[in-house]
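Presented below is the structure to which this report refers.
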Amino acid sequence: MRQWPDSVESMSAHRDRYGRPAFRRTALAPSLLAAIVLLIGVALIESGGFIVIRYVVAILALVVIVFAFQARHWWWVPVMLGVAVAWNPIYPLALDGPWWVGAQYVVILVFIAAGVLIRVPVTDEDRKR
């Protein structure tokens with residue numbers, strides 16, 4: 001009998017018997033979009049266009065909070081709430097220079113991690129669609 005590598009066995013653990021995924025990553029799209037916007041925002045930090053970056057990142061952080069709440073991944077709620085407050089365009093945080101650039105890169109990693117780790121099991125109703 002042939003032994004499959006560990007990677008194949010672990011992949012099959014996340015699929016049903018028909019090969020369909022057993023879960024959905026609902027926060028992946030807004031998280032990746034926020035990461036792209038933050039990366040663009042690094043170039044716009046000192047310009048007036050950075051206010052748009054703040055709006056988009058704050059809104060996408062709130063969207064990820066909704067998905068984290070729906071997936072019952074409560075530990076992401078305070079993290080994303082902190083991001084929404086820090087990138088809040090109405091009462092901006094007074095960070096300048098290398099601290100703000102560093103915060104941009106750290107939050108890019110936070111968004112990517114949240115997008116990958118927040119997942120919801122696929123129900124029978126979802127499979128019918």
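A note on labels: chains of the structure tokens are A, B, ... as shown, every chain counts residues from 1, and ligands are counted from 1 in their shown order.
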
Can you list every residue in stretch 32-116 of chain A that DSSP puts in alpha helix (DSSP H), as a PyMOL selection string? chain A and resi 32-43+50-70+76-86+98-116

What's the 8 Å shell around stretch 26-40 of chain A, counting only C-alpha atoms, without same-chain residues fewer than 4 positions away, as an MDAnalysis selection string? chainID A and resid 44 53 56:57 60:61 63:64 67:68 104:105 107:109 111:112 114:116 118:120

Would you pick out the contacts of A:Ile90 at 12 Å or less, using only C-alpha atoms, so that residues sharing its chain but fewer than 3 positions from it are not included, and give the list as a VMD selection string? chain A and resid 51 to 52 54 to 55 58 84 to 87 93

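Atom CA of A:Val79 is positioned 26.7 Å from atom CA of A:Ser47.
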
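Using only C-alpha atoms, the nearest neighbour of A:Asn88 within the list A:Leu117, A:Gly48, A:Ile59, A:Phe23 is A:Ile59.
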
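Pairwise distance (atom CA of A:Tyr91, atom CA of A:Arg72) equals 29.3 Å.
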
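Using only C-alpha atoms, the smallest distance between any of A:Ala43, A:Phe50, A:Leu95, A:Val106 and A:Val83 comes from A:Val106.
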
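Considering the residues A:Ala103, A:Val110, A:Arg25, A:Ala94 and counting only C-alpha atoms, A:Gln70 has its shortest atom-to-atom contact with A:Arg25.
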
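Among the candidates A:Gly41, A:Val66, A:Met80, A:Gly49, the residue lying nearest to A:Ala113 is A:Met80 (atoms considered: only C-alpha atoms).
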